[in-house]
>>> print(open('final.tsv').read())   # TSV, C-alpha atoms
chain	number	residue	atom	x	y	z
B	637	MET	CA	86.86	-91.54	67.34
B	638	THR	CA	89.75	-90.01	65.41
B	639	GLU	CA	91.99	-93.02	66.06
B	640	THR	CA	89.22	-95.34	64.78
B	641	LEU	CA	88.83	-93.29	61.61
B	642	LEU	CA	92.57	-93.24	60.99
B	643	ALA	CA	92.81	-96.97	61.63
B	644	GLY	CA	90.14	-97.48	58.96
B	645	LEU	CA	92.13	-95.39	56.48
B	646	LEU	CA	95.21	-97.53	57.15
B	647	SER	CA	93.38	-100.84	56.71
B	648	PRO	CA	94.27	-101.19	52.96
B	649	TRP	CA	97.94	-100.84	53.90
B	650	HIS	CA	97.63	-103.54	56.55
B	651	ARG	CA	95.79	-105.89	54.18
B	652	ALA	CA	98.44	-105.44	51.48
B	653	LEU	CA	101.31	-106.26	53.83
B	654	THR	CA	99.51	-109.19	55.43
B	655	ALA	CA	99.44	-110.87	52.01
B	656	LEU	CA	103.26	-111.00	51.97
B	657	PRO	CA	104.88	-114.30	53.06
B	658	PHE	CA	106.98	-112.87	55.90
B	659	ALA	CA	106.61	-113.50	59.62
B	660	TRP	CA	106.88	-109.85	60.62
B	661	THR	CA	103.89	-108.83	58.47
B	662	GLU	CA	101.59	-110.75	60.80
B	663	TYR	CA	102.00	-108.08	63.49
B	664	GLU	CA	100.06	-104.82	63.25
B	665	PHE	CA	102.69	-102.87	65.18
B	666	MET	CA	105.32	-103.85	62.60
B	667	ARG	CA	103.10	-102.86	59.69
B	668	THR	CA	102.35	-99.49	61.29
B	669	ALA	CA	106.01	-98.95	62.14
B	670	LEU	CA	107.03	-99.65	58.53
B	671	LEU	CA	104.52	-97.07	57.29
B	672	ALA	CA	105.98	-94.54	59.72
B	673	ILE	CA	109.47	-95.34	58.40
B	674	LEU	CA	108.37	-94.88	54.78
B	675	ILE	CA	106.96	-91.45	55.67
B	676	VAL	CA	109.75	-90.20	57.91
B	677	SER	CA	112.75	-91.52	55.95
B	678	PRO	CA	112.36	-89.09	53.02
B	679	LEU	CA	111.92	-86.30	55.58
B	680	PHE	CA	115.20	-87.19	57.28
B	681	ALA	CA	116.92	-87.32	53.89
B	682	LEU	CA	115.59	-83.99	52.61
B	683	VAL	CA	116.20	-82.15	55.86
B	684	GLY	CA	119.49	-84.00	56.36
B	685	THR	CA	120.90	-82.74	53.06
B	686	MET	CA	120.17	-79.19	54.20
B	687	VAL	CA	121.65	-79.92	57.64
B	688	VAL	CA	124.88	-81.21	56.11
B	689	ASN	CA	125.09	-78.37	53.57
B	690	SER	CA	124.49	-75.77	56.27
B	691	ARG	CA	126.87	-77.45	58.75
B	692	MET	CA	124.08	-77.73	61.34
B	693	ALA	CA	124.65	-81.32	62.49
B	694	PHE	CA	125.50	-80.12	65.99
B	695	PHE	CA	122.28	-78.09	66.09
B	696	SER	CA	120.19	-81.20	65.43
B	697	ASP	CA	122.05	-82.94	68.25
B	698	VAL	CA	121.34	-80.02	70.59
B	699	LEU	CA	117.65	-80.14	69.65
B	700	GLY	CA	117.51	-83.85	70.44
B	701	HIS	CA	119.12	-83.55	73.85
B	702	SER	CA	117.18	-80.40	74.77
B	703	ALA	CA	114.06	-82.57	74.67
B	704	LEU	CA	114.90	-83.37	78.30
B	705	THR	CA	114.03	-79.78	79.18
B	706	GLY	CA	110.81	-79.96	77.19
B	707	ILE	CA	109.91	-83.10	79.12
B	708	ALA	CA	110.80	-81.38	82.40
B	709	ILE	CA	108.55	-78.43	81.58
B	710	GLY	CA	105.74	-80.87	80.88
B	711	VAL	CA	106.32	-82.49	84.27
B	712	LEU	CA	106.14	-79.11	85.99
B	713	ALA	CA	102.92	-78.37	84.12
B	714	GLY	CA	101.48	-81.68	85.28
B	715	LEU	CA	101.11	-83.11	81.77
B	716	ALA	CA	101.05	-86.87	81.29
B	717	GLU	CA	102.20	-86.47	77.67
B	718	PRO	CA	105.03	-83.92	77.27
B	719	LEU	CA	105.02	-83.86	73.45
B	720	TRP	CA	103.54	-80.38	73.17
B	721	THR	CA	105.93	-78.84	75.69
B	722	MET	CA	108.80	-80.55	73.85
B	723	LEU	CA	107.64	-79.00	70.57
B	724	ALA	CA	107.20	-75.55	72.14
B	725	PHE	CA	110.62	-75.63	73.81
B	726	ALA	CA	112.34	-76.86	70.63
B	727	ALA	CA	110.78	-73.97	68.67
B	728	LEU	CA	111.88	-71.51	71.38
B	729	LEU	CA	115.40	-72.95	71.29
B	730	ALA	CA	115.56	-72.52	67.50
B	731	LEU	CA	114.52	-68.87	67.88
B	732	ILE	CA	117.03	-68.20	70.67
B	733	PHE	CA	119.83	-69.84	68.68
B	734	ASN	CA	119.28	-67.66	65.62
B	735	LEU	CA	118.84	-64.47	67.66
B	736	MET	CA	121.99	-65.12	69.71
B	737	LYS	CA	124.00	-65.81	66.58
B	738	LEU	CA	122.70	-62.60	64.97
B	739	GLU	CA	123.06	-60.28	67.97
B	740	THR	CA	126.28	-61.56	69.56
B	741	GLY	CA	128.21	-62.35	66.40
B	742	ALA	CA	129.48	-65.54	68.06
B	743	SER	CA	130.11	-68.65	65.98
B	744	SER	CA	127.41	-71.29	65.68
B	745	ASP	CA	129.51	-73.82	67.63
B	746	THR	CA	129.92	-71.41	70.53
B	747	VAL	CA	126.22	-70.56	70.72
B	748	LEU	CA	125.22	-74.20	70.41
B	749	GLY	CA	127.72	-75.24	73.09
B	750	VAL	CA	126.19	-72.73	75.51
B	751	LEU	CA	122.62	-73.77	74.72
B	752	PHE	CA	123.46	-77.47	74.85
B	753	SER	CA	125.04	-77.22	78.30
B	754	ALA	CA	122.34	-75.01	79.78
B	755	THR	CA	119.26	-76.81	78.43
B	756	VAL	CA	120.40	-80.35	79.18
B	757	ALA	CA	121.53	-79.41	82.69
B	758	PHE	CA	118.25	-77.59	83.36
B	759	GLY	CA	116.18	-80.56	82.24
B	760	ILE	CA	118.17	-83.04	84.32
B	761	VAL	CA	117.96	-80.81	87.42
B	762	ILE	CA	114.17	-80.53	87.18
B	763	LEU	CA	113.55	-84.21	86.45
B	764	SER	CA	115.95	-85.41	89.15
B	765	ARG	CA	114.45	-83.07	91.76
B	766	LYS	CA	110.90	-84.15	90.96
B	767	GLY	CA	111.93	-87.81	90.95
B	768	GLU	CA	110.49	-88.22	87.45
B	769	PHE	CA	113.62	-88.99	85.46
B	770	GLY	CA	113.10	-92.75	85.38
B	771	LYS	CA	109.60	-92.40	83.94
B	772	PHE	CA	110.87	-90.85	80.72
B	773	THR	CA	113.89	-93.01	79.93
B	774	ALA	CA	111.90	-94.39	76.97
B	775	TYR	CA	112.62	-91.09	75.23
B	776	LEU	CA	116.34	-91.89	75.37
B	777	ILE	CA	116.04	-94.87	73.01
B	778	GLY	CA	112.60	-94.32	71.48
B	779	ASP	CA	110.02	-96.92	70.52
B	780	ILE	CA	108.98	-96.95	66.89
B	781	LEU	CA	106.91	-100.07	67.51
B	782	ALA	CA	104.51	-98.02	69.66
B	783	VAL	CA	103.57	-95.69	66.79
B	784	THR	CA	99.82	-95.05	66.60
B	785	PRO	CA	97.58	-94.02	63.65
B	786	GLY	CA	97.38	-90.52	65.19
B	787	TYR	CA	101.15	-90.29	65.13
B	788	ILE	CA	101.11	-91.35	61.46
B	789	LEU	CA	98.83	-88.37	60.78
B	790	LEU	CA	101.28	-86.01	62.47
B	791	LEU	CA	104.11	-87.41	60.37
B	792	ALA	CA	102.04	-86.96	57.21
B	793	VAL	CA	101.46	-83.29	58.07
B	794	ILE	CA	105.19	-82.78	58.67
B	795	PHE	CA	105.90	-84.55	55.38
B	796	PHE	CA	103.90	-82.00	53.41
B	797	LEU	CA	105.45	-79.11	55.34
B	798	VAL	CA	108.98	-80.33	54.60
B	799	VAL	CA	108.26	-80.95	50.91
B	800	ALA	CA	106.67	-77.49	50.60
B	801	PHE	CA	109.68	-75.88	52.31
B	802	TRP	CA	112.05	-77.79	50.03
B	803	PHE	CA	110.34	-76.57	46.84
B	804	VAL	CA	109.91	-72.97	48.01
B	805	PHE	CA	113.14	-72.37	49.92
B	806	GLY	CA	115.50	-75.18	48.84
B	807	ASN	CA	117.53	-73.11	46.38
B	808	ARG	CA	117.71	-70.21	48.83
B	809	MET	CA	118.95	-72.55	51.55
B	810	ILE	CA	121.74	-73.75	49.26
B	811	LEU	CA	122.67	-70.16	48.38
B	812	VAL	CA	122.71	-69.08	52.03
B	813	SER	CA	124.85	-72.07	53.03
B	814	LEU	CA	127.37	-71.41	50.23
B	815	ASN	CA	127.60	-67.62	50.33
B	816	PRO	CA	125.50	-65.56	52.79
B	817	ILE	CA	126.84	-62.27	51.40
B	818	LEU	CA	125.81	-63.19	47.86
B	819	ALA	CA	122.44	-64.31	49.21
B	820	LYS	CA	121.89	-60.86	50.76
B	821	SER	CA	122.79	-59.17	47.49
B	822	ARG	CA	120.11	-61.30	45.80
B	823	GLY	CA	117.49	-60.18	48.33
B	824	VAL	CA	117.58	-63.38	50.40
B	825	SER	CA	117.72	-62.92	54.18
B	826	PRO	CA	120.03	-65.52	55.76
B	827	PHE	CA	118.48	-64.88	59.18
B	828	TRP	CA	114.89	-65.61	58.13
B	829	ILE	CA	115.83	-68.58	55.95
B	830	ASN	CA	117.88	-70.12	58.76
B	831	LEU	CA	115.13	-69.37	61.30
B	832	LEU	CA	112.43	-71.04	59.21
B	833	PHE	CA	114.66	-74.05	58.62
B	834	SER	CA	115.58	-74.23	62.31
B	835	LEU	CA	111.92	-74.25	63.30
B	836	LEU	CA	111.15	-76.98	60.78
B	837	LEU	CA	114.13	-78.99	61.98
B	838	ALA	CA	113.02	-78.55	65.60
B	839	LEU	CA	109.56	-79.87	64.73
B	840	LEU	CA	110.89	-82.92	62.88
B	841	VAL	CA	113.53	-83.82	65.48
B	842	THR	CA	111.06	-83.54	68.36
B	843	LEU	CA	108.50	-85.78	66.69
B	844	ALA	CA	111.18	-88.29	65.67
B	845	ILE	CA	112.48	-88.59	69.23
B	846	ARG	CA	109.51	-90.75	70.16
B	847	MET	CA	110.44	-93.12	67.34
B	848	VAL	CA	114.23	-93.44	67.63
B	849	GLY	CA	115.21	-91.72	70.88
B	850	LEU	CA	116.95	-88.46	71.66
B	851	LEU	CA	120.39	-90.11	71.87
B	852	ILE	CA	120.54	-91.05	68.18
B	853	VAL	CA	117.98	-88.88	66.38
B	854	SER	CA	120.62	-86.60	64.87
B	855	ALA	CA	122.41	-89.63	63.38
B	856	LEU	CA	119.41	-90.39	61.18
B	857	LEU	CA	119.56	-86.84	59.83
B	858	VAL	CA	123.27	-86.81	59.12
B	859	LEU	CA	124.20	-90.36	58.02
B	860	PRO	CA	122.06	-90.77	54.84
B	861	ALA	CA	122.96	-87.29	53.60
B	862	ALA	CA	126.65	-87.76	54.42
B	863	ALA	CA	126.63	-91.18	52.71
B	864	ALA	CA	125.11	-89.71	49.55
B	865	ARG	CA	127.60	-86.87	49.54
B	866	ASN	CA	130.49	-89.35	49.41
B	867	VAL	CA	129.61	-90.52	45.91
B	868	THR	CA	127.69	-87.75	44.18
B	869	ARG	CA	128.17	-84.04	43.63
B	870	SER	CA	125.05	-82.81	41.81
B	871	VAL	CA	122.26	-81.44	44.01
B	872	GLN	CA	119.61	-83.63	42.38
B	873	GLY	CA	121.69	-86.81	42.58
B	874	TYR	CA	122.73	-86.00	46.14
B	875	THR	CA	119.13	-85.56	47.27
B	876	MET	CA	117.72	-88.60	45.47
B	877	LEU	CA	120.49	-90.89	46.70
B	878	ALA	CA	120.05	-89.62	50.28
B	879	VAL	CA	116.32	-90.41	50.11
B	880	GLY	CA	117.06	-93.89	48.74
B	881	ILE	CA	119.66	-94.64	51.41
B	882	SER	CA	117.34	-93.40	54.15
B	883	LEU	CA	114.45	-95.55	52.92
B	884	VAL	CA	116.57	-98.70	52.57
B	885	ALA	CA	118.29	-98.20	55.94
B	886	GLY	CA	114.97	-97.48	57.65
B	887	ALA	CA	113.09	-100.48	56.26
B	888	SER	CA	115.99	-102.95	56.54
B	889	GLY	CA	116.89	-101.77	60.04
B	890	LEU	CA	113.30	-102.14	61.23
B	891	ILE	CA	112.91	-105.64	59.80
B	892	ALA	CA	116.35	-106.70	61.06
B	893	SER	CA	115.45	-105.52	64.58
B	894	PHE	CA	112.39	-107.80	64.49
B	895	TYR	CA	114.48	-110.91	63.79
B	896	LEU	CA	117.44	-109.90	65.98
B	897	ASP	CA	115.20	-108.72	68.85
B	898	THR	CA	117.10	-105.42	69.13
B	899	ALA	CA	116.12	-101.77	69.58
B	900	SER	CA	114.61	-100.64	66.27
B	901	GLY	CA	115.95	-97.07	66.28
B	902	ALA	CA	119.52	-98.11	67.01
B	903	THR	CA	119.38	-100.91	64.42
B	904	ILE	CA	118.19	-98.43	61.78
B	905	VAL	CA	121.08	-96.11	62.64
B	906	LEU	CA	123.55	-98.99	62.27
B	907	ALA	CA	122.10	-99.76	58.84
B	908	ALA	CA	122.59	-96.12	57.85
B	909	ALA	CA	126.14	-96.22	59.26
B	910	CYS	CA	126.88	-99.28	57.09
B	911	ALA	CA	125.63	-97.36	54.05
B	912	TYR	CA	127.95	-94.49	54.96
B	913	ALA	CA	130.91	-96.87	55.28
B	914	VAL	CA	130.18	-98.43	51.87
B	915	THR	CA	129.88	-95.05	50.10
B	916	ALA	CA	132.96	-93.71	51.88
B	917	LEU	CA	135.00	-96.65	50.61
B	918	ALA	CA	133.50	-96.23	47.14
B	919	GLY	CA	134.39	-92.54	47.18
B	920	ILE	CA	137.98	-93.25	48.24
B	921	ARG	CA	138.32	-95.93	45.56
B	922	SER	CA	137.01	-93.62	42.81
B	923	LYS	CA	139.59	-90.99	43.74
B	924	GLN	CA	142.39	-93.53	43.50
B	925	VAL	CA	141.41	-94.66	40.01
B	926	PRO	CA	143.32	-92.55	37.44
B	927	PRO	CA	141.19	-90.65	34.90
>>> encode(input="final.tsv", output="structure tokens")
Amino acid sequence: MTETLLAGLLSPWHRALTALPFAWTEYEFMRTALLAILIVSPLFALVGTMVVNSRMAFFSDVLGHSALTGIAIGVLAGLAEPLWTMLAFAALLALIFNLMKLETGASSDTVLGVLFSATVAFGIVILSRKGEFGKFTAYLIGDILAVTPGYILLLAVIFFLVVAFWFVFGNRMILVSLNPILAKSRGVSPFWINLLFSLLLALLVTLAIRMVGLLIVSALLVLPAAAARNVTRSVQGYTMLAVGISLVAGASGLIASFYLDTASGATIVLAAACAYAVTALAGIRSKQVPP
């Protein structure tokens, strides 16, 4: 019933795209996938800028690969769809990461290295012992073309959560990433800000895994933000350019994958990588030009 209602709400979108003179618009799965890209791309850009500023790229990678353990827990629980156990485990991992960093005083890289090794190994052990590993290989590369109207609704909810977090905590995140001591003196708690952001990042990464796969999900967070950082220095320009790059790479990569018959997630990442290469060259060239 819910899927039918959501499909009805999406019908104007499908009608609008069908009117375009392109072969890919004839397929409903492509139209739905493009809508998912247009929703999730700004999310990747906004969160990605905070990931790059906070030097948390490795954390997003750990979250992606730890999805194996979330899947394994779902298998043990007898669930056909492990999404909810993946979300719960990702949230738990974000909490453990921040607590370990606070209590042990170890560097982020050290804590993440420990968590990465333990969680991935644990997930592989469980899945290999139960003989279920082959059933979930789709999560390795993702399948954006299998996105459903219900999944679009989940992405829309995450979109509003990310935008709300950006407006409420964006400046505090920047302050914490630049100078945690100054942030404390201003009454901002680095622990709670980082914990909230980690939980939000865990939610976004876990949902995105079904679209692009756990092997490359962190690339979509890092590449647009890193590309924008090559050519702009202001916070506003950095954010807007990252959103633009993410949208263009997402849409062009999806459409290119249709004509090339390639994996959509990987093709989108390659489009983002090309954007990074272009902005990196532009940044190098601008530094070589005398003032």
>>> atom_distance(input="final.tsv", atom1="CA of Leu748 in chain B", atom2="CA of Val804 in chain B")
27.2 Å
>>> residues_around(input="final.tsv", residues="Leu850 in chain B", least_positions_apart="2", cutoff="6 Å", atoms="all atoms listed in the file", output="list in words")
Gly700, His701, Leu776, Ile845, Ile852 and Val853 of chain B
>>> atom_distance(input="final.tsv", atom1="CA of Glu664 in chain B", atom2="CA of Ala878 in chain B")
28.3 Å
>>> closest_residue(input="final.tsv", among="B:Pro785, B:Gly806, B:Gly778, B:Pro826", to="Thr903 in chain B", atoms="all atoms listed in the file")
B:Gly778
>>> closest_residue(input="final.tsv", among="B:Pro860, B:Gly901, B:Gly880, B:Gly886", to="Ala916 in chain B", atoms="all atoms listed in the file")
B:Pro860
>>> residues_around(input="final.tsv", residues="Val884 in chain B", least_positions_apart="4", cutoff="9 Å", atoms="all atoms listed in the file", output="count of residues only")
7
>>> residues_around(input="final.tsv", residues="Ser690 in chain B", least_positions_apart="2", cutoff="12 Å", atoms="only C-alpha atoms", output="list in words")
Val683, Gly684, Thr685, Met686, Val687, Val688, Met692, Ala693, Phe694, Phe695, Ser696, Ser744, Gly806, Arg808, Met809, Ile810, Leu811, Val812, Ser813, Leu814, Asn815, Pro816, Pro826, Ile829, Asn830, Phe833, Ser834, Val858 and Ala861 of chain B
>>> write_last_selection(input="final.tsv", atoms="C-alpha atoms", output="short mmCIF file (atom, residue, chain, number, x, y, z; two decimals), in the coordinates of the input")
data_model
loop_
_atom_site.label_atom_id
_atom_site.label_comp_id
_atom_site.auth_asym_id
_atom_site.auth_seq_id
_atom_site.Cartn_x
_atom_site.Cartn_y
_atom_site.Cartn_z
CA VAL B 683 116.20 -82.15 55.86
CA GLY B 684 119.49 -84.00 56.36
CA THR B 685 120.90 -82.74 53.06
CA MET B 686 120.17 -79.19 54.20
CA VAL B 687 121.65 -79.92 57.64
CA VAL B 688 124.88 -81.21 56.11
CA MET B 692 124.08 -77.73 61.34
CA ALA B 693 124.65 -81.32 62.49
CA PHE B 694 125.50 -80.12 65.99
CA PHE B 695 122.28 -78.09 66.09
CA SER B 696 120.19 -81.20 65.43
CA SER B 744 127.41 -71.29 65.68
CA GLY B 806 115.50 -75.18 48.84
CA ARG B 808 117.71 -70.21 48.83
CA MET B 809 118.95 -72.55 51.55
CA ILE B 810 121.74 -73.75 49.26
CA LEU B 811 122.67 -70.16 48.38
CA VAL B 812 122.71 -69.08 52.03
CA SER B 813 124.85 -72.07 53.03
CA LEU B 814 127.37 -71.41 50.23
CA ASN B 815 127.60 -67.62 50.33
CA PRO B 816 125.50 -65.56 52.79
CA PRO B 826 120.03 -65.52 55.76
CA ILE B 829 115.83 -68.58 55.95
CA ASN B 830 117.88 -70.12 58.76
CA PHE B 833 114.66 -74.05 58.62
CA SER B 834 115.58 -74.23 62.31
CA VAL B 858 123.27 -86.81 59.12
CA ALA B 861 122.96 -87.29 53.60
#
>>> residues_near_point(input="final.tsv", point="(110.0, -89.0, 57.3)", cutoff="9 Å", atoms="all atoms listed in the file", output="compact mmCIF listing (two decimals) with C-alpha atoms, in the frame of the given file")
# COMPACT_ATOMS: atom_id res chain seq x y z
CA ALA B 672 105.98 -94.54 59.72
CA ILE B 673 109.47 -95.34 58.40
CA LEU B 674 108.37 -94.88 54.78
CA ILE B 675 106.96 -91.45 55.67
CA VAL B 676 109.75 -90.20 57.91
CA SER B 677 112.75 -91.52 55.95
CA PRO B 678 112.36 -89.09 53.02
CA LEU B 679 111.92 -86.30 55.58
CA PHE B 680 115.20 -87.19 57.28
CA ALA B 681 116.92 -87.32 53.89
CA LEU B 682 115.59 -83.99 52.61
CA LEU B 791 104.11 -87.41 60.37
CA ALA B 792 102.04 -86.96 57.21
CA ILE B 794 105.19 -82.78 58.67
CA PHE B 795 105.90 -84.55 55.38
CA LEU B 840 110.89 -82.92 62.88
CA ALA B 844 111.18 -88.29 65.67
>>> closest_residue(input="final.tsv", among="B:Ala887, B:Ala669, B:Leu837, B:Asp697", to="Leu731 in chain B", atoms="all atoms listed in the file")
B:Leu837
>>> residues_near_point(input="final.tsv", point="(115.8, -80.0, 72.6)", cutoff="9 Å", atoms="all atoms listed in the file", output="list of chain:residue names")
B:Ser696, B:Asp697, B:Val698, B:Leu699, B:Gly700, B:His701, B:Ser702, B:Ala703, B:Leu704, B:Thr705, B:Gly706, B:Met722, B:Leu723, B:Phe725, B:Ala726, B:Ala727, B:Leu729, B:Phe752, B:Thr755, B:Val756, B:Ala838, B:Val841, B:Thr842, B:Leu850
>>> residues_around(input="final.tsv", residues="Arg651 in chain B", least_positions_apart="5", cutoff="10 Å", atoms="all atoms listed in the file", output="PDB file with C-alpha atoms, keeping the file's coordinate frame")
ATOM      1  CA  LEU B 646      95.210 -97.530  57.150  1.00  0.00           C
ATOM      2  CA  LEU B 656     103.260-111.000  51.970  1.00  0.00           C
ATOM      3  CA  THR B 661     103.890-108.830  58.470  1.00  0.00           C
ATOM      4  CA  ARG B 667     103.100-102.860  59.690  1.00  0.00           C
TER       5      ARG B 667
END
>>> closest_residue(input="final.tsv", among="B:Gly919, B:Thr721, B:Arg846, B:Gly714", to="Thr784 in chain B", atoms="only C-alpha atoms")
B:Arg846
>>> atom_distance(input="final.tsv", atom1="CA of Thr654 in chain B", atom2="CA of Thr668 in chain B")
11.7 Å
>>> closest_residue(input="final.tsv", among="B:Tyr775, B:Phe665, B:Phe758, B:Phe733", to="Leu835 in chain B", atoms="all atoms listed in the file")
B:Phe733
>>> closest_residue(input="final.tsv", among="B:Val761, B:Ile904, B:Leu671, B:Ile920", to="Gly849 in chain B", atoms="only C-alpha atoms")
B:Ile904
>>> residues_around(input="final.tsv", residues="Val867 in chain B", least_positions_apart="5", cutoff="12 Å", atoms="all atoms listed in the file", output="NGL selection string")
:B and (860-862 or 873-875 or 877-878 or 911-923)
>>> write_last_selection(input="final.tsv", atoms="C-alpha atoms", output="PDB file, keeping the file's coordinate frame")
ATOM      1  CA  PRO B 860     122.060 -90.770  54.840  1.00  0.00           C
ATOM      2  CA  ALA B 861     122.960 -87.290  53.600  1.00  0.00           C
ATOM      3  CA  ALA B 862     126.650 -87.760  54.420  1.00  0.00           C
ATOM      4  CA  GLY B 873     121.690 -86.810  42.580  1.00  0.00           C
ATOM      5  CA  TYR B 874     122.730 -86.000  46.140  1.00  0.00           C
ATOM      6  CA  THR B 875     119.130 -85.560  47.270  1.00  0.00           C
ATOM      7  CA  LEU B 877     120.490 -90.890  46.700  1.00  0.00           C
ATOM      8  CA  ALA B 878     120.050 -89.620  50.280  1.00  0.00           C
ATOM      9  CA  ALA B 911     125.630 -97.360  54.050  1.00  0.00           C
ATOM     10  CA  TYR B 912     127.950 -94.490  54.960  1.00  0.00           C
ATOM     11  CA  ALA B 913     130.910 -96.870  55.280  1.00  0.00           C
ATOM     12  CA  VAL B 914     130.180 -98.430  51.870  1.00  0.00           C
ATOM     13  CA  THR B 915     129.880 -95.050  50.100  1.00  0.00           C
ATOM     14  CA  ALA B 916     132.960 -93.710  51.880  1.00  0.00           C
ATOM     15  CA  LEU B 917     135.000 -96.650  50.610  1.00  0.00           C
ATOM     16  CA  ALA B 918     133.500 -96.230  47.140  1.00  0.00           C
ATOM     17  CA  GLY B 919     134.390 -92.540  47.180  1.00  0.00           C
ATOM     18  CA  ILE B 920     137.980 -93.250  48.240  1.00  0.00           C
ATOM     19  CA  ARG B 921     138.320 -95.930  45.560  1.00  0.00           C
ATOM     20  CA  SER B 922     137.010 -93.620  42.810  1.00  0.00           C
ATOM     21  CA  LYS B 923     139.590 -90.990  43.740  1.00  0.00           C
TER      22      LYS B 923
END
>>> axis_aligned_box(input="final.tsv", around="range 754-766 of chain B", padding_each_side="6 Å", output="lines of an AutoDock Vina configuration file")
center_x = 116.6
center_y = -80.2
center_z = 85.1
size_x = 23.4
size_y = 22.4
size_z = 25.3
